[in-house]
>>> print(open('entry.cif').read())   # mmCIF, C-alpha atoms
data_data
loop_
_atom_site.label_atom_id
_atom_site.label_comp_id
_atom_site.auth_asym_id
_atom_site.auth_seq_id
_atom_site.Cartn_x
_atom_site.Cartn_y
_atom_site.Cartn_z
CA MET G 1 51.96 33.93 214.81
CA THR G 2 48.27 33.54 214.54
CA TYR G 3 47.93 36.87 216.18
CA PHE G 4 50.12 38.49 213.58
CA TRP G 5 48.21 36.76 210.81
CA SER G 6 44.93 38.01 212.07
CA ALA G 7 46.42 41.47 212.52
CA ASP G 8 47.65 41.45 208.94
CA ILE G 9 44.28 40.38 207.67
CA GLN G 10 42.59 43.02 209.75
CA GLN G 11 44.97 45.65 208.45
CA GLY G 12 44.37 44.47 204.88
CA GLN G 13 40.65 44.68 205.34
CA LEU G 14 41.02 48.11 206.81
CA THR G 15 43.12 49.38 203.90
CA LYS G 16 40.68 47.84 201.45
CA LYS G 17 37.83 49.55 203.27
CA GLY G 18 39.71 52.84 203.15
CA THR G 19 40.42 52.47 199.46
CA SER G 20 36.85 51.63 198.63
CA LYS G 21 35.67 54.62 200.66
CA SER G 22 37.96 56.99 198.82
CA LEU G 23 36.93 55.41 195.53
CA GLN G 24 33.28 55.84 196.47
CA SER G 25 33.77 59.50 197.21
CA SER G 26 35.72 60.06 194.00
CA THR G 27 32.94 58.28 192.09
CA GLU G 28 30.41 60.63 193.61
CA GLU G 29 32.53 63.62 192.74
CA THR G 30 32.98 62.43 189.19
CA SER G 31 29.30 61.71 188.75
CA LEU G 32 28.44 65.18 190.05
CA LEU G 33 30.95 66.71 187.68
CA LEU G 34 29.56 64.64 184.85
CA ASP G 35 26.00 65.74 185.61
CA GLU G 36 27.06 69.36 185.80
CA GLN G 37 28.93 69.22 182.50
CA LEU G 38 26.10 67.37 180.83
CA LEU G 39 23.59 69.99 181.93
CA GLN G 40 25.89 72.78 180.81
CA TYR G 41 26.32 71.05 177.49
CA MET G 42 22.58 70.69 177.01
CA ASP G 43 22.05 74.36 177.88
CA GLN G 44 24.65 75.41 175.34
CA LEU G 45 23.08 73.19 172.72
CA GLU G 46 19.65 74.66 173.37
CA SER G 47 20.92 78.21 173.23
CA LEU G 48 22.78 77.40 170.01
CA GLN G 49 19.59 76.10 168.44
CA GLU G 50 17.64 79.20 169.48
CA LYS G 51 20.24 81.60 168.17
CA ARG G 52 20.63 79.63 165.00
CA SER G 53 16.92 79.81 164.23
CA ALA G 54 16.84 83.55 165.04
CA LEU G 55 19.80 84.12 162.73
CA ASN G 56 18.19 82.14 159.94
CA THR G 57 14.96 84.12 160.27
CA LEU G 58 16.82 87.43 160.07
CA ILE G 59 18.81 86.36 157.04
CA GLU G 60 15.60 85.25 155.34
CA GLN G 61 14.06 88.66 156.01
CA GLY G 62 17.09 90.27 154.44
CA TRP G 63 16.78 88.12 151.31
CA PHE G 64 13.12 88.92 151.04
CA SER G 65 13.83 92.65 151.15
CA LEU G 66 16.65 92.22 148.62
CA SER G 67 14.31 90.39 146.27
CA LYS G 68 11.72 93.14 146.60
CA ALA G 69 14.40 95.75 145.88
CA ARG G 70 15.50 93.76 142.85
CA TYR G 71 11.92 93.64 141.64
CA SER G 72 11.53 97.40 141.86
CA MET G 73 15.01 98.38 140.66
CA GLY G 74 15.57 95.79 137.99
CA ASN G 75 17.31 92.47 137.97
CA LYS G 76 20.81 93.71 137.20
CA GLN G 77 20.68 96.68 139.51
CA VAL G 78 21.08 94.57 142.63
CA SER G 79 23.91 92.25 141.78
CA SER G 80 27.59 91.73 142.38
CA LEU G 81 28.35 93.96 139.40
CA GLN G 82 27.34 96.94 141.47
CA TYR G 83 29.93 96.37 144.18
CA ALA G 84 32.35 99.23 144.61
CA SER G 85 35.92 98.90 143.45
CA GLU G 86 37.09 100.11 146.83
CA MET G 87 35.68 98.81 150.07
CA GLU G 88 36.49 99.48 153.64
CA PRO G 89 35.10 97.27 156.40
CA GLN G 90 32.90 98.90 158.99
CA ILE G 91 32.59 95.92 161.29
CA PHE G 92 35.40 94.13 163.05
CA VAL G 93 35.46 91.15 165.35
CA GLN G 94 37.58 91.02 168.48
CA ALA G 95 38.30 87.58 169.86
CA ARG G 96 39.63 87.22 173.36
CA ALA G 97 40.21 84.20 175.52
CA VAL G 98 38.16 83.92 178.68
CA GLU G 99 38.21 81.26 181.36
CA ASN G 100 38.05 77.53 180.52
CA ASP G 101 39.80 78.09 177.20
CA ALA G 102 36.61 79.60 175.84
CA LEU G 103 36.69 82.45 173.37
CA GLU G 104 34.59 85.54 173.52
CA PHE G 105 33.85 87.44 170.35
CA CYS G 106 32.76 91.04 170.30
CA THR G 107 31.98 93.12 167.27
CA GLU G 108 33.01 96.71 166.93
CA ARG G 109 31.51 99.05 164.44
CA ILE G 110 33.39 101.87 162.81
CA THR G 111 31.22 104.64 161.47
CA ILE G 112 32.81 105.99 158.35
CA GLN G 113 31.68 109.55 157.85
CA SER G 114 30.12 110.37 154.56
CA PRO G 115 31.99 112.97 152.48
CA THR G 116 29.37 115.63 153.16
CA GLU G 117 29.68 115.01 156.89
CA ARG G 118 33.43 115.25 156.61
CA VAL G 119 33.16 118.58 154.84
CA GLN G 120 30.69 119.84 157.43
CA ASN G 121 33.06 118.96 160.20
CA THR G 122 35.89 120.99 158.75
CA THR G 123 36.35 124.65 159.54
CA SER G 124 34.20 127.38 158.05
CA VAL G 125 37.10 128.89 156.07
CA GLU G 126 37.53 125.64 154.19
CA ASP G 127 33.78 125.53 153.64
CA ILE G 128 33.73 128.82 151.83
CA GLY G 129 36.68 127.97 149.65
CA PRO G 130 35.29 125.26 147.39
CA LYS G 131 32.08 127.20 146.75
CA GLU G 132 34.00 130.23 145.56
CA GLU G 133 36.28 128.08 143.53
CA GLY G 134 33.34 126.46 141.81
CA VAL G 135 32.04 129.85 140.71
CA ARG G 136 35.46 130.90 139.56
CA ARG G 137 35.79 127.75 137.50
CA ARG G 138 32.56 128.44 135.69
CA ILE G 139 33.74 131.91 134.85
CA LYS G 140 37.08 130.52 133.81
CA ALA G 141 35.49 128.01 131.53
CA SER G 142 33.20 130.48 129.81
CA LYS G 143 35.31 133.61 129.80
CA ASP G 144 38.75 132.33 130.18
CA MET G 145 40.47 134.37 127.51
CA ALA G 146 38.00 137.23 127.19
CA GLU G 147 37.89 138.61 130.73
CA PRO G 148 40.97 137.76 132.68
CA GLU G 149 40.48 140.84 134.88
CA GLU G 150 37.36 139.40 136.47
CA LEU G 151 39.30 136.36 137.39
CA VAL G 152 41.96 138.46 139.03
CA GLY G 153 39.26 140.44 140.80
CA ALA G 154 37.71 137.30 142.15
CA SER G 155 41.01 136.06 143.41
CA THR G 156 41.85 139.36 145.04
CA GLU G 157 38.55 139.40 146.91
CA ASN G 158 39.59 136.32 148.84
CA PRO G 159 43.30 136.14 148.60
CA SER G 160 44.07 133.84 151.52
CA PRO G 161 41.65 130.98 150.88
CA THR G 162 42.42 130.74 147.17
CA SER G 163 45.88 129.39 147.75
CA THR G 164 44.52 126.40 149.68
CA LYS G 165 41.34 125.93 147.73
CA PRO G 166 42.32 123.90 144.70
CA PRO G 167 43.48 120.81 146.64
CA SER G 168 40.50 120.92 149.00
CA GLY G 169 38.11 121.30 146.11
CA SER G 170 39.56 118.40 144.24
CA HIS G 171 39.54 116.33 147.42
CA ARG G 172 35.88 117.03 147.86
CA ASN G 173 35.11 116.00 144.32
CA ASN G 174 36.98 112.76 144.83
CA SER G 175 35.41 112.03 148.16
CA ASP G 176 31.96 112.64 146.78
CA GLN G 177 32.53 109.66 144.57
CA ASN G 178 34.00 107.68 147.42
CA PRO G 179 31.87 104.58 147.76
CA GLN G 180 33.24 103.55 151.13
CA ALA G 181 30.88 105.60 153.23
CA ASP G 182 27.74 103.58 152.79
CA PRO G 183 27.45 100.36 150.78
CA LEU G 184 23.89 101.37 149.98
CA LYS G 185 25.26 104.00 147.62
CA TRP G 186 26.82 101.33 145.39
CA PHE G 187 23.32 100.66 144.16
CA GLY G 188 22.41 104.27 143.48
CA ILE G 189 21.60 107.46 145.30
CA LEU G 190 17.85 107.06 145.46
CA VAL G 191 17.51 103.44 146.44
CA PRO G 192 14.15 101.93 147.35
CA GLN G 193 13.11 101.52 150.93
CA THR G 194 13.27 97.76 150.64
CA LEU G 195 16.99 97.86 149.98
CA LYS G 196 17.42 99.96 153.10
CA GLN G 197 15.38 97.40 154.98
CA ALA G 198 17.60 94.66 153.61
CA GLN G 199 20.64 96.57 154.76
CA SER G 200 19.22 97.14 158.21
CA SER G 201 18.26 93.50 158.60
CA PHE G 202 21.76 92.39 157.64
CA ARG G 203 23.53 95.24 159.39
CA GLN G 204 22.12 96.17 162.74
CA GLY G 205 24.16 94.16 164.72
CA ARG G 206 21.39 91.72 164.84
CA VAL G 207 22.66 89.20 162.34
CA LEU G 208 26.23 89.93 163.19
CA GLN G 209 25.58 90.02 166.91
CA LEU G 210 23.86 86.68 166.60
CA SER G 211 26.65 85.20 164.56
CA LYS G 212 29.18 86.48 167.04
CA ARG G 213 27.24 84.77 169.82
CA LEU G 214 26.90 81.62 167.80
CA VAL G 215 30.58 81.28 167.12
CA PRO G 216 31.77 80.81 170.71
CA LEU G 217 29.02 78.27 171.19
CA THR G 218 30.10 76.34 168.16
CA ILE G 219 33.65 76.38 169.41
CA LEU G 220 32.64 75.49 172.94
CA LEU G 221 30.32 72.61 172.11
CA PRO G 222 32.90 70.12 170.85
CA VAL G 223 35.21 71.04 173.72
CA GLN G 224 32.45 70.50 176.23
CA ARG G 225 31.45 67.26 174.61
CA GLN G 226 35.03 66.13 174.91
CA SER G 227 35.10 66.91 178.61
CA VAL G 228 31.79 65.14 179.16
CA LEU G 229 33.13 62.11 177.35
CA LEU G 230 36.29 62.19 179.41
CA SER G 231 34.36 62.31 182.67
CA ASN G 232 32.18 59.52 181.38
CA VAL G 233 35.21 57.38 180.65
CA GLN G 234 36.64 58.22 184.05
CA MET G 235 33.37 57.21 185.65
CA ILE G 236 33.26 53.88 183.85
CA ALA G 237 36.86 53.14 184.75
CA LEU G 238 36.16 53.84 188.41
CA TYR G 239 33.03 51.73 188.35
CA ASN G 240 34.92 48.82 186.81
CA TYR G 241 37.70 49.16 189.35
CA ILE G 242 35.31 49.06 192.29
CA HIS G 243 33.28 46.14 191.03
CA LYS G 244 36.20 43.95 190.10
CA MET W 1 45.21 99.73 161.47
CA ALA W 2 47.45 97.48 163.54
CA GLY W 3 45.14 97.46 166.55
CA ARG W 4 41.95 96.84 164.67
CA GLY W 5 39.93 93.67 165.03
CA LYS W 6 39.50 90.83 162.62
CA LEU W 7 37.27 90.70 159.60
CA ILE W 8 34.24 88.60 158.80
CA ALA W 9 34.63 86.76 155.50
CA VAL W 10 31.75 85.41 153.41
CA ILE W 11 31.59 82.63 150.86
CA GLY W 12 28.12 82.51 149.47
CA ASP W 13 25.69 83.05 146.68
CA GLU W 14 25.06 86.49 145.28
CA ASP W 15 22.25 87.42 147.65
CA THR W 16 24.10 86.32 150.75
CA CYS W 17 27.23 88.23 149.77
CA THR W 18 25.25 91.31 148.74
CA GLY W 19 23.38 91.29 152.02
CA PHE W 20 26.44 90.98 154.19
CA LEU W 21 28.36 93.52 152.12
CA LEU W 22 25.46 95.91 152.56
CA GLY W 23 25.93 95.28 156.25
CA GLY W 24 29.44 96.65 155.93
CA ILE W 25 31.78 93.70 156.22
CA GLY W 26 33.38 93.96 152.78
CA GLU W 27 37.03 94.76 152.35
CA LEU W 28 39.42 94.96 149.46
CA ASN W 29 42.91 95.00 150.87
CA LYS W 30 46.05 96.57 149.42
CA ASN W 31 46.59 93.59 147.15
CA ARG W 32 42.99 93.96 145.92
CA LYS W 33 42.08 90.70 147.62
CA PRO W 34 38.48 90.66 148.80
CA ASN W 35 37.22 89.00 151.96
CA PHE W 36 34.26 87.51 150.13
CA LEU W 37 33.56 85.13 147.28
CA VAL W 38 30.40 85.23 145.24
CA VAL W 39 29.71 81.67 144.17
CA GLU W 40 27.92 81.46 140.88
CA LYS W 41 26.88 78.56 138.72
CA ASP W 42 30.17 78.48 136.88
CA THR W 43 32.37 78.77 139.97
CA SER W 44 34.46 75.65 140.30
CA ILE W 45 34.86 73.69 143.51
CA THR W 46 38.62 74.13 143.26
CA GLU W 47 38.20 77.87 143.27
CA ILE W 48 35.92 77.73 146.30
CA GLU W 49 38.33 75.47 148.14
CA GLU W 50 41.31 77.64 147.32
CA THR W 51 39.49 80.74 148.49
CA PHE W 52 38.43 79.00 151.69
CA LYS W 53 41.99 77.91 152.36
CA SER W 54 43.29 81.38 151.63
CA PHE W 55 40.82 82.77 154.18
CA LEU W 56 42.04 80.22 156.72
CA VAL W 57 45.63 81.34 156.42
CA ARG W 58 44.84 85.04 156.51
CA ASN W 59 45.54 86.50 159.91
CA ASP W 60 43.04 89.29 159.60
CA ILE W 61 39.96 87.06 159.34
CA GLY W 62 38.13 86.01 162.50
CA ILE W 63 34.91 84.44 161.24
CA ILE W 64 34.12 82.76 157.93
CA LEU W 65 30.45 82.64 157.02
CA ILE W 66 29.70 80.05 154.39
CA ASN W 67 26.47 78.87 152.82
CA GLN W 68 25.72 75.34 153.83
CA PHE W 69 25.32 74.04 150.30
CA ILE W 70 28.76 75.44 149.43
CA ALA W 71 30.18 73.98 152.62
CA GLU W 72 28.90 70.61 151.43
CA MET W 73 31.05 70.94 148.31
CA ILE W 74 34.22 71.43 150.34
CA ARG W 75 33.25 69.39 153.37
CA HIS W 76 36.64 67.70 153.61
CA ALA W 77 38.38 71.07 153.86
CA ILE W 78 35.96 72.29 156.53
CA ASP W 79 36.25 69.10 158.55
CA GLY W 80 40.01 69.40 158.35
CA HIS W 81 39.94 72.82 159.98
CA LEU W 82 40.06 72.30 163.73
CA GLU W 83 41.31 75.66 164.92
CA SER W 84 39.08 78.06 166.80
CA ILE W 85 40.08 81.06 164.72
CA PRO W 86 38.94 81.65 162.09
CA ALA W 87 35.65 80.12 163.18
CA VAL W 88 33.58 78.65 160.36
CA LEU W 89 29.86 79.26 160.59
CA GLU W 90 27.48 77.59 158.18
CA ILE W 91 24.47 79.64 157.22
CA PRO W 92 21.47 78.78 155.05
CA SER W 93 21.13 80.01 151.51
CA LYS W 94 18.14 81.27 149.63
CA GLU W 95 17.51 78.05 147.80
CA HIS W 96 18.81 75.61 150.37
CA PRO W 97 17.36 75.74 153.88
CA TYR W 98 19.55 75.06 156.86
CA ASP W 99 19.96 71.41 157.74
CA ALA W 100 21.35 70.86 161.23
CA SER W 101 22.34 67.27 160.44
CA LYS W 102 24.85 68.53 157.89
CA ASP W 103 26.44 71.14 160.11
CA SER W 104 30.03 70.22 160.84
CA ILE W 105 29.94 71.63 164.36
CA LEU W 106 26.75 69.86 165.32
CA ARG W 107 28.01 66.65 163.78
CA ARG W 108 31.06 66.92 165.98
CA ALA W 109 28.95 67.66 169.02
CA LYS W 110 26.26 65.04 168.61
CA GLY W 111 26.46 61.33 169.28
CA MET W 112 27.65 61.66 172.81
CA PHE W 113 25.95 58.61 174.16
CA SER W 114 26.78 55.99 171.57
CA ALA W 115 29.43 53.35 172.21
CA GLU W 116 31.48 54.52 169.24
CA ASP W 117 32.22 57.81 170.92
CA PHE W 118 34.25 56.13 173.62
CA ARG W 119 36.70 54.64 171.19
#
>>> encode(input="entry.cif", output="structure tokens")
Amino acid sequence: MTYFWSADIQQGQLTKKGTSKSLQSSTEETSLLLDEQLLQYMDQLESLQEKRSALNTLIEQGWFSLSKARYSMGNKQVSSLQYASEMEPQIFVQARAVENDALEFCTERITIQSPTERVQNTTSVEDIGPKEEGVRRRIKASKDMAEPEELVGASTENPSPTSTKPPSGSHRNNSDQNPQADPLKWFGILVPQTLKQAQSSFRQGRVLQLSKRLVPLTILLPVQRQSVLLSNVQMIALYNYIHK
Amino acid sequence: MAGRGKLIAVIGDEDTCTGFLLGGIGELNKNRKPNFLVVEKDTSITEIEETFKSFLVRNDIGIILINQFIAEMIRHAIDGHLESIPAVLEIPSKEHPYDASKDSILRRAKGMFSAEDFR
């Protein structure tokens, strides 16, 4: 009986030893994980701060250039009243999920061709058309009733393009006024250099690239903090269990 | 159009909006709804909040840039938004420098070592 007793006690001690060993190892693992996550968290926080300050500096540069442009152009010339009635975005953001539930943002830029570029890219036959039509219109306006023969002569010189010219000509006139191509044109054709600088400091991917890098960090930080907290709680629970 | 990415929306003062629109983020959709709001002196907080909420429910917006002083006005709405997309990014304004202690993200992230965080 005594033998069994002692055996039981021995077995109990052994199991307790085994449990404490496994707990010890899990504590070490958890503390390593905690350290790793904490370091990662601090790195992210540091990088967020750096990017934030770079972004703020760039935005400030942009404002400074805008103010200079406003000074040279006039107060009301650089305001929200000048915005176009039709706008088309040139920058898009693509968000995709990567590992650890993190999101990755990437910006894509669409270059909208200016109307003149669009016309240049079309075929040469279409290029000739609007020019001829412009001349014909002037003649039509001045000598519409007096010399109809000249008009016929002009149309017979280029019979094939004339049939397609009126729509292309009107399209060109409309697209010349199209404000979508470059937002800089909302503020005039001959804008000061400072406004261009303002545009480049806001545009160039720099501000937007920075903001796109900032966003995942801002999303990631609370998540990471949560995981650090969880490991911390786990660690404390383990510690309490061992030292009971 | 279906495969295109998401837009960047801006809620800010005139200079901030003008700058970002110059950068080419502006859009007026088919319903003539813009993806930006120019906040002026007479813009009410209700209007700002409604616009912010309308941006949150729009599927085509990925990031909302908002001036920090405007974010302060609708802090409850910003704190209530916990989704990743659209992500809300607070930026400084011309008259109000950036204050990290007011940033909703940093406020969520900080305070990791205090006892209150374990509750």
>>> atom_distance(input="entry.cif", atom1="atom CA of G:Tyr83", atom2="atom CA of G:Thr194")
17.9 Å
>>> residues_around(input="entry.cif", residues="stretch 50-67 of chain W", least_positions_apart="4", cutoff="7 Å", atoms="only C-alpha atoms", output="mmCIF file with C-alpha atoms, in the coordinates of the input")
data_model
loop_
_atom_site.group_PDB
_atom_site.id
_atom_site.type_symbol
_atom_site.label_atom_id
_atom_site.label_comp_id
_atom_site.auth_asym_id
_atom_site.auth_seq_id
_atom_site.Cartn_x
_atom_site.Cartn_y
_atom_site.Cartn_z
ATOM 1 C CA VAL G 93 35.460 91.150 165.350
ATOM 2 C CA LYS W 6 39.500 90.830 162.620
ATOM 3 C CA LEU W 7 37.270 90.700 159.600
ATOM 4 C CA ILE W 8 34.240 88.600 158.800
ATOM 5 C CA ALA W 9 34.630 86.760 155.500
ATOM 6 C CA VAL W 10 31.750 85.410 153.410
ATOM 7 C CA ILE W 11 31.590 82.630 150.860
ATOM 8 C CA GLY W 12 28.120 82.510 149.470
ATOM 9 C CA THR W 46 38.620 74.130 143.260
ATOM 10 C CA ALA W 71 30.180 73.980 152.620
ATOM 11 C CA ILE W 85 40.080 81.060 164.720
ATOM 12 C CA PRO W 86 38.940 81.650 162.090
ATOM 13 C CA ALA W 87 35.650 80.120 163.180
ATOM 14 C CA VAL W 88 33.580 78.650 160.360
ATOM 15 C CA LEU W 89 29.860 79.260 160.590
ATOM 16 C CA GLU W 90 27.480 77.590 158.180
ATOM 17 C CA ILE W 91 24.470 79.640 157.220
ATOM 18 C CA PRO W 92 21.470 78.780 155.050
ATOM 19 C CA SER W 93 21.130 80.010 151.510
#
>>> resolve_selection(input="entry.cif", expression="the PyMOL selection byres ((chain W) within 9 of (chain G))", output="number ranges by chain")
W: 4-8, 14-29, 32, 34, 38, 61-63, 65, 83-85, 87-89, 91-94, 97-98, 105-106, 108-110, 112-113, 117-118
>>> write_last_selection(input="entry.cif", atoms="C-alpha atoms", output="PDB file, in the coordinates of the input")
ATOM      1  CA  ARG W   4      41.950  96.840 164.670  1.00  0.00           C
ATOM      2  CA  GLY W   5      39.930  93.670 165.030  1.00  0.00           C
ATOM      3  CA  LYS W   6      39.500  90.830 162.620  1.00  0.00           C
ATOM      4  CA  LEU W   7      37.270  90.700 159.600  1.00  0.00           C
ATOM      5  CA  ILE W   8      34.240  88.600 158.800  1.00  0.00           C
ATOM      6  CA  GLU W  14      25.060  86.490 145.280  1.00  0.00           C
ATOM      7  CA  ASP W  15      22.250  87.420 147.650  1.00  0.00           C
ATOM      8  CA  THR W  16      24.100  86.320 150.750  1.00  0.00           C
ATOM      9  CA  CYS W  17      27.230  88.230 149.770  1.00  0.00           C
ATOM     10  CA  THR W  18      25.250  91.310 148.740  1.00  0.00           C
ATOM     11  CA  GLY W  19      23.380  91.290 152.020  1.00  0.00           C
ATOM     12  CA  PHE W  20      26.440  90.980 154.190  1.00  0.00           C
ATOM     13  CA  LEU W  21      28.360  93.520 152.120  1.00  0.00           C
ATOM     14  CA  LEU W  22      25.460  95.910 152.560  1.00  0.00           C
ATOM     15  CA  GLY W  23      25.930  95.280 156.250  1.00  0.00           C
ATOM     16  CA  GLY W  24      29.440  96.650 155.930  1.00  0.00           C
ATOM     17  CA  ILE W  25      31.780  93.700 156.220  1.00  0.00           C
ATOM     18  CA  GLY W  26      33.380  93.960 152.780  1.00  0.00           C
ATOM     19  CA  GLU W  27      37.030  94.760 152.350  1.00  0.00           C
ATOM     20  CA  LEU W  28      39.420  94.960 149.460  1.00  0.00           C
ATOM     21  CA  ASN W  29      42.910  95.000 150.870  1.00  0.00           C
ATOM     22  CA  ARG W  32      42.990  93.960 145.920  1.00  0.00           C
ATOM     23  CA  PRO W  34      38.480  90.660 148.800  1.00  0.00           C
ATOM     24  CA  VAL W  38      30.400  85.230 145.240  1.00  0.00           C
ATOM     25  CA  ILE W  61      39.960  87.060 159.340  1.00  0.00           C
ATOM     26  CA  GLY W  62      38.130  86.010 162.500  1.00  0.00           C
ATOM     27  CA  ILE W  63      34.910  84.440 161.240  1.00  0.00           C
ATOM     28  CA  LEU W  65      30.450  82.640 157.020  1.00  0.00           C
ATOM     29  CA  GLU W  83      41.310  75.660 164.920  1.00  0.00           C
ATOM     30  CA  SER W  84      39.080  78.060 166.800  1.00  0.00           C
ATOM     31  CA  ILE W  85      40.080  81.060 164.720  1.00  0.00           C
ATOM     32  CA  ALA W  87      35.650  80.120 163.180  1.00  0.00           C
ATOM     33  CA  VAL W  88      33.580  78.650 160.360  1.00  0.00           C
ATOM     34  CA  LEU W  89      29.860  79.260 160.590  1.00  0.00           C
ATOM     35  CA  ILE W  91      24.470  79.640 157.220  1.00  0.00           C
ATOM     36  CA  PRO W  92      21.470  78.780 155.050  1.00  0.00           C
ATOM     37  CA  SER W  93      21.130  80.010 151.510  1.00  0.00           C
ATOM     38  CA  LYS W  94      18.140  81.270 149.630  1.00  0.00           C
ATOM     39  CA  PRO W  97      17.360  75.740 153.880  1.00  0.00           C
ATOM     40  CA  TYR W  98      19.550  75.060 156.860  1.00  0.00           C
ATOM     41  CA  ILE W 105      29.940  71.630 164.360  1.00  0.00           C
ATOM     42  CA  LEU W 106      26.750  69.860 165.320  1.00  0.00           C
ATOM     43  CA  ARG W 108      31.060  66.920 165.980  1.00  0.00           C
ATOM     44  CA  ALA W 109      28.950  67.660 169.020  1.00  0.00           C
ATOM     45  CA  LYS W 110      26.260  65.040 168.610  1.00  0.00           C
ATOM     46  CA  MET W 112      27.650  61.660 172.810  1.00  0.00           C
ATOM     47  CA  PHE W 113      25.950  58.610 174.160  1.00  0.00           C
ATOM     48  CA  ASP W 117      32.220  57.810 170.920  1.00  0.00           C
ATOM     49  CA  PHE W 118      34.250  56.130 173.620  1.00  0.00           C
TER      50      PHE W 118
END
>>> atom_distance(input="entry.cif", atom1="atom CA of W:Arg75", atom2="atom CA of W:Leu37")
16.9 Å
>>> atom_distance(input="entry.cif", atom1="atom CA of G:Gln40", atom2="atom CA of G:Gln24")
24.2 Å
